[in-house]
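Below is one structure, written out as structure tokens; the observations come after it.
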Amino acid sequence: MNNAIQFLGTVIDRSRGRHGLSAPSAKELMEKVPAWRKYICEITGWDCVELGTLTLKEVRPLPRSKLADVKALGIEPEGLFAKFNPGYACFLKQKRGARRYFGARVFGGERWRIAAVSFQDRPDKEDVLEVYSPQHLRTEFGLQTGDRVKVEVFDRAEWLKL
């Protein structure tokens, strides 16, 4: 099972310093759009997904080219956020494109936990990955803002074997 694509990224805290930005955090969205959580659970087979994401920046190698040929777990359905905020849903569709989800595992030292990552067709920042998990990964691994984290992304069929 060495067909994984390895990424290294820096943990950031997107819940602070939003300075009035209109885009809600992943945690806020997950609280207000239960259909999003349900969708992630459906494509991963999880019973639950932790509210919010572990956000990694300065991800290397850059995800777009590395994930281009990887079979995704799923592609976010159009209109998922329409009931929450039609303007935000339109913005996502026009500016960011579909969010694709990939099977992954995240490492904290020698231990790892099952995860999924997402990447948009036209992301705001090319070097960012959003990590989803049934566990609160910051707590699970004792992660702090600025810590470096390894993520391995797998083709759907390989990930299902983990």
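To be explicit about the labels: the chains of the structure tokens are called A, B, and onward in the order shown, and within each one the residues are counted from 1, while ligands get numbers from 1 in the order they are shown.
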
Residues within 8 Å of region 141-155 of chain A, only C-alpha atoms, excluding chain neighbours under 2 positions, as number ranges by chain | A: 3-13, 56, 70-72, 102-108, 117, 137-139, 157-159

Keeping only N, CA, C and O atoms, write the selected residues to a file as an mmCIF file, in the first residue's frame.
data_model
loop_
_atom_site.group_PDB
_atom_site.id
_atom_site.type_symbol
_atom_site.label_atom_id
_atom_site.label_comp_id
_atom_site.auth_asym_id
_atom_site.auth_seq_id
_atom_site.Cartn_x
_atom_site.Cartn_y
_atom_site.Cartn_z
ATOM 1 N N ASN A 3 1.152 3.244 -2.607
ATOM 2 C CA ASN A 3 0.704 4.074 -3.711
ATOM 3 C C ASN A 3 0.190 5.423 -3.243
ATOM 4 O O ASN A 3 -0.412 6.149 -4.018
ATOM 5 N N ALA A 4 0.434 5.748 -1.996
ATOM 6 C CA ALA A 4 -0.059 7.001 -1.440
ATOM 7 C C ALA A 4 0.755 8.187 -1.949
ATOM 8 O O ALA A 4 1.951 8.077 -2.198
ATOM 9 N N ILE A 5 0.074 9.306 -2.091
ATOM 10 C CA ILE A 5 0.748 10.572 -2.386
ATOM 11 C C ILE A 5 0.953 11.263 -1.054
ATOM 12 O O ILE A 5 -0.003 11.474 -0.294
ATOM 13 N N GLN A 6 2.188 11.584 -0.742
ATOM 14 C CA GLN A 6 2.498 12.204 0.552
ATOM 15 C C GLN A 6 2.558 13.719 0.425
ATOM 16 O O GLN A 6 3.151 14.248 -0.516
ATOM 17 N N PHE A 7 1.911 14.369 1.396
ATOM 18 C CA PHE A 7 1.939 15.826 1.502
ATOM 19 C C PHE A 7 2.441 16.198 2.886
ATOM 20 O O PHE A 7 2.212 15.460 3.849
ATOM 21 N N LEU A 8 3.072 17.332 2.972
ATOM 22 C CA LEU A 8 3.497 17.896 4.249
ATOM 23 C C LEU A 8 2.950 19.311 4.308
ATOM 24 O O LEU A 8 3.088 20.081 3.344
ATOM 25 N N GLY A 9 2.269 19.645 5.418
ATOM 26 C CA GLY A 9 1.681 20.970 5.543
ATOM 27 C C GLY A 9 1.764 21.485 6.962
ATOM 28 O O GLY A 9 2.051 20.737 7.894
ATOM 29 N N THR A 10 1.499 22.761 7.119
ATOM 30 C CA THR A 10 1.557 23.449 8.408
ATOM 31 C C THR A 10 0.150 23.710 8.921
ATOM 32 O O THR A 10 -0.687 24.265 8.190
ATOM 33 N N VAL A 11 -0.110 23.332 10.151
ATOM 34 C CA VAL A 11 -1.420 23.544 10.776
ATOM 35 C C VAL A 11 -1.645 25.045 10.963
ATOM 36 O O VAL A 11 -0.772 25.753 11.482
ATOM 37 N N ILE A 12 -2.826 25.511 10.527
ATOM 38 C CA ILE A 12 -3.204 26.908 10.765
ATOM 39 C C ILE A 12 -4.521 26.941 11.521
ATOM 40 O O ILE A 12 -5.235 25.946 11.584
ATOM 41 N N ASP A 13 -4.840 28.090 12.085
ATOM 42 C CA ASP A 13 -6.088 28.287 12.818
ATOM 43 C C ASP A 13 -6.914 29.299 12.054
ATOM 44 O O ASP A 13 -6.645 30.493 12.117
ATOM 45 N N LEU A 56 -4.461 22.836 6.630
ATOM 46 C CA LEU A 56 -3.020 22.851 6.419
ATOM 47 C C LEU A 56 -2.683 23.828 5.309
ATOM 48 O O LEU A 56 -3.328 23.833 4.264
ATOM 49 N N VAL A 70 -6.096 11.162 -9.230
ATOM 50 C CA VAL A 70 -6.484 10.289 -8.128
ATOM 51 C C VAL A 70 -8.011 10.144 -8.124
ATOM 52 O O VAL A 70 -8.729 11.138 -8.229
ATOM 53 N N LYS A 71 -8.495 8.914 -8.013
ATOM 54 C CA LYS A 71 -9.944 8.682 -7.960
ATOM 55 C C LYS A 71 -10.472 9.188 -6.623
ATOM 56 O O LYS A 71 -10.076 8.714 -5.559
ATOM 57 N N ALA A 72 -11.358 10.158 -6.682
ATOM 58 C CA ALA A 72 -11.916 10.785 -5.484
ATOM 59 C C ALA A 72 -12.963 9.889 -4.828
ATOM 60 O O ALA A 72 -13.577 9.043 -5.472
ATOM 61 N N PHE A 102 -10.977 13.177 -1.072
ATOM 62 C CA PHE A 102 -10.052 12.070 -1.284
ATOM 63 C C PHE A 102 -9.805 11.351 0.032
ATOM 64 O O PHE A 102 -9.720 11.991 1.089
ATOM 65 N N GLY A 103 -9.661 10.042 -0.043
ATOM 66 C CA GLY A 103 -9.340 9.265 1.135
ATOM 67 C C GLY A 103 -7.904 9.505 1.557
ATOM 68 O O GLY A 103 -7.009 9.607 0.723
ATOM 69 N N ALA A 104 -7.693 9.609 2.875
ATOM 70 C CA ALA A 104 -6.356 9.946 3.374
ATOM 71 C C ALA A 104 -6.141 9.348 4.760
ATOM 72 O O ALA A 104 -7.063 8.813 5.382
ATOM 73 N N ARG A 105 -4.930 9.478 5.211
ATOM 74 C CA ARG A 105 -4.624 9.268 6.618
ATOM 75 C C ARG A 105 -3.667 10.369 7.026
ATOM 76 O O ARG A 105 -2.867 10.857 6.228
ATOM 77 N N VAL A 106 -3.798 10.776 8.281
ATOM 78 C CA VAL A 106 -3.022 11.876 8.838
ATOM 79 C C VAL A 106 -2.135 11.314 9.938
ATOM 80 O O VAL A 106 -2.583 10.504 10.748
ATOM 81 N N PHE A 107 -0.909 11.782 9.956
ATOM 82 C CA PHE A 107 0.060 11.273 10.925
ATOM 83 C C PHE A 107 0.320 12.286 12.040
ATOM 84 O O PHE A 107 0.455 13.477 11.793
ATOM 85 N N GLY A 108 0.413 11.758 13.246
ATOM 86 C CA GLY A 108 0.880 12.486 14.416
ATOM 87 C C GLY A 108 2.025 11.652 14.978
ATOM 88 O O GLY A 108 1.776 10.659 15.663
ATOM 89 N N VAL A 117 -9.508 14.385 2.706
ATOM 90 C CA VAL A 117 -9.100 15.758 2.417
ATOM 91 C C VAL A 117 -9.952 16.273 1.270
ATOM 92 O O VAL A 117 -10.477 15.488 0.470
ATOM 93 N N LEU A 137 -8.586 15.933 15.370
ATOM 94 C CA LEU A 137 -7.173 15.626 15.159
ATOM 95 C C LEU A 137 -6.219 16.493 15.973
ATOM 96 O O LEU A 137 -5.165 16.029 16.397
ATOM 97 N N ARG A 138 -6.596 17.742 16.226
ATOM 98 C CA ARG A 138 -5.728 18.585 17.066
ATOM 99 C C ARG A 138 -5.564 17.963 18.448
ATOM 100 O O ARG A 138 -4.466 17.907 18.988
ATOM 101 N N THR A 139 -6.671 17.491 19.009
ATOM 102 C CA THR A 139 -6.634 16.872 20.329
ATOM 103 C C THR A 139 -5.965 15.504 20.264
ATOM 104 O O THR A 139 -5.111 15.179 21.094
ATOM 105 N N ALA A 157 -10.034 3.098 -4.029
ATOM 106 C CA ALA A 157 -9.976 1.652 -3.771
ATOM 107 C C ALA A 157 -8.921 1.299 -2.721
ATOM 108 O O ALA A 157 -9.154 0.459 -1.858
ATOM 109 N N GLU A 158 -7.762 1.957 -2.768
ATOM 110 C CA GLU A 158 -6.712 1.700 -1.790
ATOM 111 C C GLU A 158 -7.118 2.186 -0.390
ATOM 112 O O GLU A 158 -6.859 1.538 0.608
ATOM 113 N N TRP A 159 -7.765 3.357 -0.350
ATOM 114 C CA TRP A 159 -8.167 3.936 0.936
ATOM 115 C C TRP A 159 -9.167 3.042 1.646
ATOM 116 O O TRP A 159 -9.114 2.888 2.868
#

Helix (DSSP H, G or I) positions in region 40-143 of chain A, given as an mmCIF file with C-alpha atoms, in the first residue's frame:
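Output file result_22.cif follows:
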data_model
loop_
_atom_site.group_PDB
_atom_site.id
_atom_site.type_symbol
_atom_site.label_atom_id
_atom_site.label_comp_id
_atom_site.auth_asym_id
_atom_site.auth_seq_id
_atom_site.Cartn_x
_atom_site.Cartn_y
_atom_site.Cartn_z
ATOM 1 C CA ILE A 40 -19.056 13.389 4.065
ATOM 2 C CA CYS A 41 -20.280 10.454 6.159
ATOM 3 C CA GLU A 42 -21.923 8.888 3.106
ATOM 4 C CA ILE A 43 -18.792 8.992 0.937
ATOM 5 C CA THR A 44 -16.445 7.870 3.733
ATOM 6 C CA PRO A 63 -2.099 19.422 -4.322
ATOM 7 C CA ARG A 64 -3.687 20.368 -7.667
ATOM 8 C CA SER A 65 -1.350 18.496 -9.997
ATOM 9 C CA LYS A 66 -0.780 15.592 -7.607
ATOM 10 C CA LEU A 67 -4.513 14.951 -7.075
ATOM 11 C CA PRO A 86 -27.865 31.054 -1.805
ATOM 12 C CA GLY A 87 -25.240 33.778 -2.362
ATOM 13 C CA TYR A 88 -22.512 31.659 -0.801
ATOM 14 C CA ALA A 89 -23.613 28.647 -2.855
ATOM 15 C CA CYS A 90 -23.420 30.729 -6.035
ATOM 16 C CA PHE A 91 -19.984 32.043 -5.037
ATOM 17 C CA LEU A 92 -18.731 28.480 -4.482
ATOM 18 C CA LYS A 93 -20.036 27.341 -7.854
ATOM 19 C CA GLN A 94 -18.728 30.292 -9.863
ATOM 20 C CA LYS A 95 -15.455 31.101 -8.117
ATOM 21 C CA ARG A 96 -14.221 27.923 -6.428
ATOM 22 C CA LEU A 137 -7.173 15.626 15.159
ATOM 23 C CA ARG A 138 -5.728 18.585 17.066
ATOM 24 C CA THR A 139 -6.634 16.872 20.329
ATOM 25 C CA GLU A 140 -5.834 13.352 19.131
ATOM 26 C CA PHE A 141 -2.262 14.302 18.197
#

Quick one: contact table of region 1-116 of chain A to region 121-130 of chain A, 9 Å max, nearest atom pair and distance in Å to one decimal per residue, counting only C-alpha atoms, chain and number order, as CSV?
residue,atom,partner,partner_atom,distance
A:Gly9,CA,A:Val128,CA,8.0
A:Thr53,CA,A:Glu130,CA,5.9
A:Leu54,CA,A:Glu130,CA,5.9
A:Thr55,CA,A:Glu130,CA,4.8
A:Leu56,CA,A:Leu129,CA,5.3
A:Lys57,CA,A:Val128,CA,4.4
A:Glu58,CA,A:Asp127,CA,5.1
A:Val59,CA,A:Asp127,CA,4.9
A:Arg60,CA,A:Asp127,CA,7.1
A:Pro61,CA,A:Asp127,CA,8.2
A:Leu62,CA,A:Asp127,CA,5.6
A:Pro63,CA,A:Asp127,CA,6.8
A:Arg64,CA,A:Glu126,CA,7.1
A:Lys95,CA,A:Arg122,CA,6.8
A:Arg96,CA,A:Arg122,CA,4.5
A:Gly97,CA,A:Asp121,CA,5.0
A:Ala98,CA,A:Asp121,CA,5.7
A:Arg99,CA,A:Asp121,CA,6.6
A:Arg100,CA,A:Asp121,CA,7.8
A:Ala116,CA,A:Glu130,CA,8.3

Can you write out the residues you just picked, keeping N, CA and C atoms, as an mmCIF file, in the first residue's frame?
data_model
loop_
_atom_site.group_PDB
_atom_site.id
_atom_site.type_symbol
_atom_site.label_atom_id
_atom_site.label_comp_id
_atom_site.auth_asym_id
_atom_site.auth_seq_id
_atom_site.Cartn_x
_atom_site.Cartn_y
_atom_site.Cartn_z
ATOM 1 N N GLY A 9 2.269 19.645 5.418
ATOM 2 C CA GLY A 9 1.681 20.970 5.543
ATOM 3 C C GLY A 9 1.764 21.485 6.962
ATOM 4 N N THR A 53 -12.575 21.474 10.308
ATOM 5 C CA THR A 53 -11.515 20.768 9.608
ATOM 6 C C THR A 53 -10.177 21.109 10.246
ATOM 7 N N LEU A 54 -9.199 20.283 9.945
ATOM 8 C CA LEU A 54 -7.816 20.619 10.250
ATOM 9 C C LEU A 54 -7.294 21.238 8.970
ATOM 10 N N THR A 55 -6.955 22.503 9.012
ATOM 11 C CA THR A 55 -6.522 23.205 7.812
ATOM 12 C C THR A 55 -5.006 23.261 7.768
ATOM 13 N N LEU A 56 -4.461 22.836 6.630
ATOM 14 C CA LEU A 56 -3.020 22.851 6.419
ATOM 15 C C LEU A 56 -2.683 23.828 5.309
ATOM 16 N N LYS A 57 -1.670 24.659 5.537
ATOM 17 C CA LYS A 57 -1.187 25.571 4.496
ATOM 18 C C LYS A 57 0.259 25.206 4.189
ATOM 19 N N GLU A 58 0.814 25.896 3.206
ATOM 20 C CA GLU A 58 2.191 25.633 2.772
ATOM 21 C C GLU A 58 2.369 24.141 2.454
ATOM 22 N N VAL A 59 1.311 23.545 1.889
ATOM 23 C CA VAL A 59 1.323 22.121 1.567
ATOM 24 C C VAL A 59 2.249 21.886 0.375
ATOM 25 N N ARG A 60 3.117 20.899 0.553
ATOM 26 C CA ARG A 60 4.038 20.492 -0.506
ATOM 27 C C ARG A 60 3.999 18.995 -0.645
ATOM 28 N N PRO A 61 4.022 18.484 -1.850
ATOM 29 C CA PRO A 61 3.924 19.221 -3.100
ATOM 30 C C PRO A 61 2.553 19.885 -3.225
ATOM 31 N N LEU A 62 2.418 20.799 -4.170
ATOM 32 C CA LEU A 62 1.130 21.460 -4.362
ATOM 33 C C LEU A 62 0.075 20.422 -4.760
ATOM 34 N N PRO A 63 -1.089 20.466 -4.120
ATOM 35 C CA PRO A 63 -2.099 19.422 -4.322
ATOM 36 C C PRO A 63 -2.704 19.305 -5.721
ATOM 37 N N ARG A 64 -2.919 20.417 -6.420
ATOM 38 C CA ARG A 64 -3.687 20.368 -7.667
ATOM 39 C C ARG A 64 -3.142 19.338 -8.656
ATOM 40 N N LYS A 95 -16.842 30.717 -8.404
ATOM 41 C CA LYS A 95 -15.455 31.101 -8.117
ATOM 42 C C LYS A 95 -14.557 29.935 -7.725
ATOM 43 N N ARG A 96 -15.075 28.983 -6.970
ATOM 44 C CA ARG A 96 -14.221 27.923 -6.428
ATOM 45 C C ARG A 96 -14.403 26.578 -7.122
ATOM 46 N N GLY A 97 -15.577 26.342 -7.660
ATOM 47 C CA GLY A 97 -15.833 25.069 -8.315
ATOM 48 C C GLY A 97 -16.116 23.962 -7.323
ATOM 49 N N ALA A 98 -16.236 22.779 -7.849
ATOM 50 C CA ALA A 98 -16.589 21.624 -7.025
ATOM 51 C C ALA A 98 -15.482 21.285 -6.034
ATOM 52 N N ARG A 99 -15.905 20.843 -4.872
ATOM 53 C CA ARG A 99 -14.970 20.365 -3.850
ATOM 54 C C ARG A 99 -14.893 18.846 -4.011
ATOM 55 N N ARG A 100 -13.688 18.359 -4.234
ATOM 56 C CA ARG A 100 -13.457 16.924 -4.389
ATOM 57 C C ARG A 100 -12.876 16.378 -3.094
ATOM 58 N N ALA A 116 -10.117 12.267 5.469
ATOM 59 C CA ALA A 116 -10.407 12.625 4.083
ATOM 60 C C ALA A 116 -9.901 14.048 3.902
#

Using the chain letters and numbers from this document, which residues of chain A does DSSP assign to strand (DSSP E), as a PyMOL selection string?
-> chain A and resi 5-12+54-60+74-75+99-108+111-120+129-132+148-154

Hey, can you spit out that residue selection with C-alpha atoms as a compact mmCIF listing (two decimals), in the first residue's frame?
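See out.txt below for the written result:
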# COMPACT_ATOMS: atom_id res chain seq x y z
CA ILE A 5 0.75 10.57 -2.39
CA GLN A 6 2.50 12.20 0.55
CA PHE A 7 1.94 15.83 1.50
CA LEU A 8 3.50 17.90 4.25
CA GLY A 9 1.68 20.97 5.54
CA THR A 10 1.56 23.45 8.41
CA VAL A 11 -1.42 23.54 10.78
CA ILE A 12 -3.20 26.91 10.77
CA LEU A 54 -7.82 20.62 10.25
CA THR A 55 -6.52 23.20 7.81
CA LEU A 56 -3.02 22.85 6.42
CA LYS A 57 -1.19 25.57 4.50
CA GLU A 58 2.19 25.63 2.77
CA VAL A 59 1.32 22.12 1.57
CA ARG A 60 4.04 20.49 -0.51
CA GLY A 74 -16.80 11.94 -4.13
CA ILE A 75 -17.49 15.34 -5.63
CA ARG A 99 -14.97 20.36 -3.85
CA ARG A 100 -13.46 16.92 -4.39
CA TYR A 101 -12.90 14.57 -1.47
CA PHE A 102 -10.05 12.07 -1.28
CA GLY A 103 -9.34 9.26 1.13
CA ALA A 104 -6.36 9.95 3.37
CA ARG A 105 -4.62 9.27 6.62
CA VAL A 106 -3.02 11.88 8.84
CA PHE A 107 0.06 11.27 10.92
CA GLY A 108 0.88 12.49 14.42
CA ARG A 111 0.49 7.13 14.81
CA TRP A 112 -2.08 7.83 12.15
CA ARG A 113 -5.81 8.33 11.88
CA ILE A 114 -8.20 7.82 9.01
CA ALA A 115 -9.17 11.04 7.26
CA ALA A 116 -10.41 12.62 4.08
CA VAL A 117 -9.10 15.76 2.42
CA SER A 118 -10.82 18.16 0.07
CA PHE A 119 -9.55 20.35 -2.69
CA GLN A 120 -11.57 22.69 -4.91
CA LEU A 129 -5.70 21.24 2.18
CA GLU A 130 -8.76 20.79 4.38
CA VAL A 131 -8.65 17.58 6.45
CA TYR A 132 -11.80 15.88 7.78
CA ARG A 148 4.04 20.30 10.48
CA VAL A 149 1.80 17.36 9.59
CA LYS A 150 2.16 14.52 7.09
CA VAL A 151 -0.89 13.45 5.09
CA GLU A 152 -1.06 10.49 2.74
CA VAL A 153 -3.77 10.52 0.07
CA PHE A 154 -4.92 7.31 -1.57

What is the CA of Lys38 (chain A) to CA of Leu162 (chain A) distance in Å?
-> 21.4 Å

Identify which of the residues A:Ala68, A:Ala82, A:Leu160, A:Leu51 lies closest to Met30 (chain A), counting only C-alpha atoms when measuring atom-to-atom distances.
-> A:Leu51

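Taking CA of Pro77 (chain A) and CA of Val33 (chain A) as endpoints, the distance between them is 13.2 Å.
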
Within 12 Å of Pro34 (chain A) using only C-alpha atoms, minus same-chain residues under 3 positions, as a PDB file with C-alpha atoms, in the first residue's frame:
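Saved result, part-v5.pdb, follows:
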ATOM      1  CA  ALA A  26     -15.844  24.985   8.168  1.00  0.00           C
ATOM      2  CA  LYS A  27     -17.096  24.451  11.725  1.00  0.00           C
ATOM      3  CA  GLU A  28     -19.796  27.099  11.289  1.00  0.00           C
ATOM      4  CA  LEU A  29     -20.854  25.573   7.981  1.00  0.00           C
ATOM      5  CA  MET A  30     -20.974  22.061   9.396  1.00  0.00           C
ATOM      6  CA  GLU A  31     -23.142  23.257  12.273  1.00  0.00           C
ATOM      7  CA  ARG A  37     -21.758  16.408   7.351  1.00  0.00           C
ATOM      8  CA  LYS A  38     -24.156  13.753   6.096  1.00  0.00           C
ATOM      9  CA  TYR A  39     -22.565  13.820   2.641  1.00  0.00           C
ATOM     10  CA  ILE A  40     -19.056  13.389   4.065  1.00  0.00           C
ATOM     11  CA  CYS A  41     -20.280  10.454   6.159  1.00  0.00           C
ATOM     12  CA  CYS A  48     -19.839  10.897  12.203  1.00  0.00           C
ATOM     13  CA  VAL A  49     -17.422  13.609  11.132  1.00  0.00           C
ATOM     14  CA  GLU A  50     -15.795  16.046  13.552  1.00  0.00           C
ATOM     15  CA  LEU A  51     -17.182  19.571  13.233  1.00  0.00           C
ATOM     16  CA  LEU A  80     -25.473  21.553  -1.061  1.00  0.00           C
ATOM     17  CA  PHE A  81     -25.210  25.008   0.557  1.00  0.00           C
ATOM     18  CA  LYS A  83     -30.573  26.458   1.627  1.00  0.00           C
ATOM     19  CA  PHE A  84     -27.976  27.836   4.039  1.00  0.00           C
TER      20      PHE A  84
END

Name the closest residue to Leu73 (chain A) among the candidates A:Gly109, A:Pro24, A:Pro134, A:Gly45; distances are taken between atoms, counting only C-alpha atoms.
-> A:Gly45
